[in-house]
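Report on the following structure.
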Amino acid sequence: CAQSITVTFTATDACGNTATETKSFTVDDKTAPVITLPATDLALECFDATQVDSWTATATASDNCDGDVTVSASYTAPTGNCAQSITVTFTATDACGNTATETKS
């Protein structure tokens, strides 16, 4: 996601003489976005993917550069009827392809 920026510098002295210099700079976003996990834990008596998906949708992300940041969540649905804990992995990806991952159980 590197971008080249060209800047032209011009100096003029008291006699009206001018000098011009052009420089190029490369700006490259290599900083991953920051994920904000859901503020509360989710407790269910029975597994309900709709409720889990609604809960994961409250995760957000921010980035140091302009552009969209997408947040996705993945987990494995539990099997059986006993009380279980699931681990959800949240991944945020910015417009330059930098990613951040956080987990919450």
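Residues are referred to by chain and number: the chain letter is A, B, ... according to the order shown in the structure tokens, the number counts from 1 in that chain, and ligands are numbered separately from 1 in the order shown.
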Using the chain letters and numbers from this document, which residues of chain A does DSSP assign to strand (DSSP E), as an MDAnalysis selection string?
-> chainID A and resid 3:12 18:27 34:36 60:62 70:74 88:93 99:104
Write out as a ChimeraX atom specification the residues lying within 12 Å of Thr70 (chain A), counting only C-alpha atoms and excluding same-chain residues fewer than 5 positions away.
-> /A:32-35,57,59-63,90-101
Within 12 Å of Pro78 (chain A), counting only C-alpha atoms, which residues show up once you throw out same-chain ones fewer than 4 positions away? Write them as a ChimeraX atom specification, please.
-> /A:44,46-49,52,82-88
Resulting file, chosen residues, C-alpha atoms, as a short mmCIF file (atom, residue, chain, number, x, y, z; two decimals), in the first residue's frame:
```cif
data_model
loop_
_atom_site.label_atom_id
_atom_site.label_comp_id
_atom_site.auth_asym_id
_atom_site.auth_seq_id
_atom_site.Cartn_x
_atom_site.Cartn_y
_atom_site.Cartn_z
CA LEU A 44 -26.06 -18.93 26.58
CA CYS A 46 -27.95 -23.56 24.60
CA PHE A 47 -25.74 -22.74 21.64
CA ASP A 48 -27.42 -20.32 19.25
CA ALA A 49 -25.35 -19.27 16.23
CA VAL A 52 -23.17 -15.59 18.78
CA CYS A 82 -22.93 -29.88 28.43
CA ALA A 83 -21.73 -26.44 29.43
CA GLN A 84 -18.87 -25.46 27.15
CA SER A 85 -16.74 -22.51 26.30
CA ILE A 86 -16.01 -21.51 22.73
CA THR A 87 -13.11 -19.44 21.50
CA VAL A 88 -13.87 -16.77 18.94
#
```
Can you list, as a ChimeraX atom specification, every protein, DNA or RNA residue that comes within 10 Å of Val7 (chain A) when you count only C-alpha atoms, leaving out same-chain residues fewer than 6 positions away?
-> /A:21-25
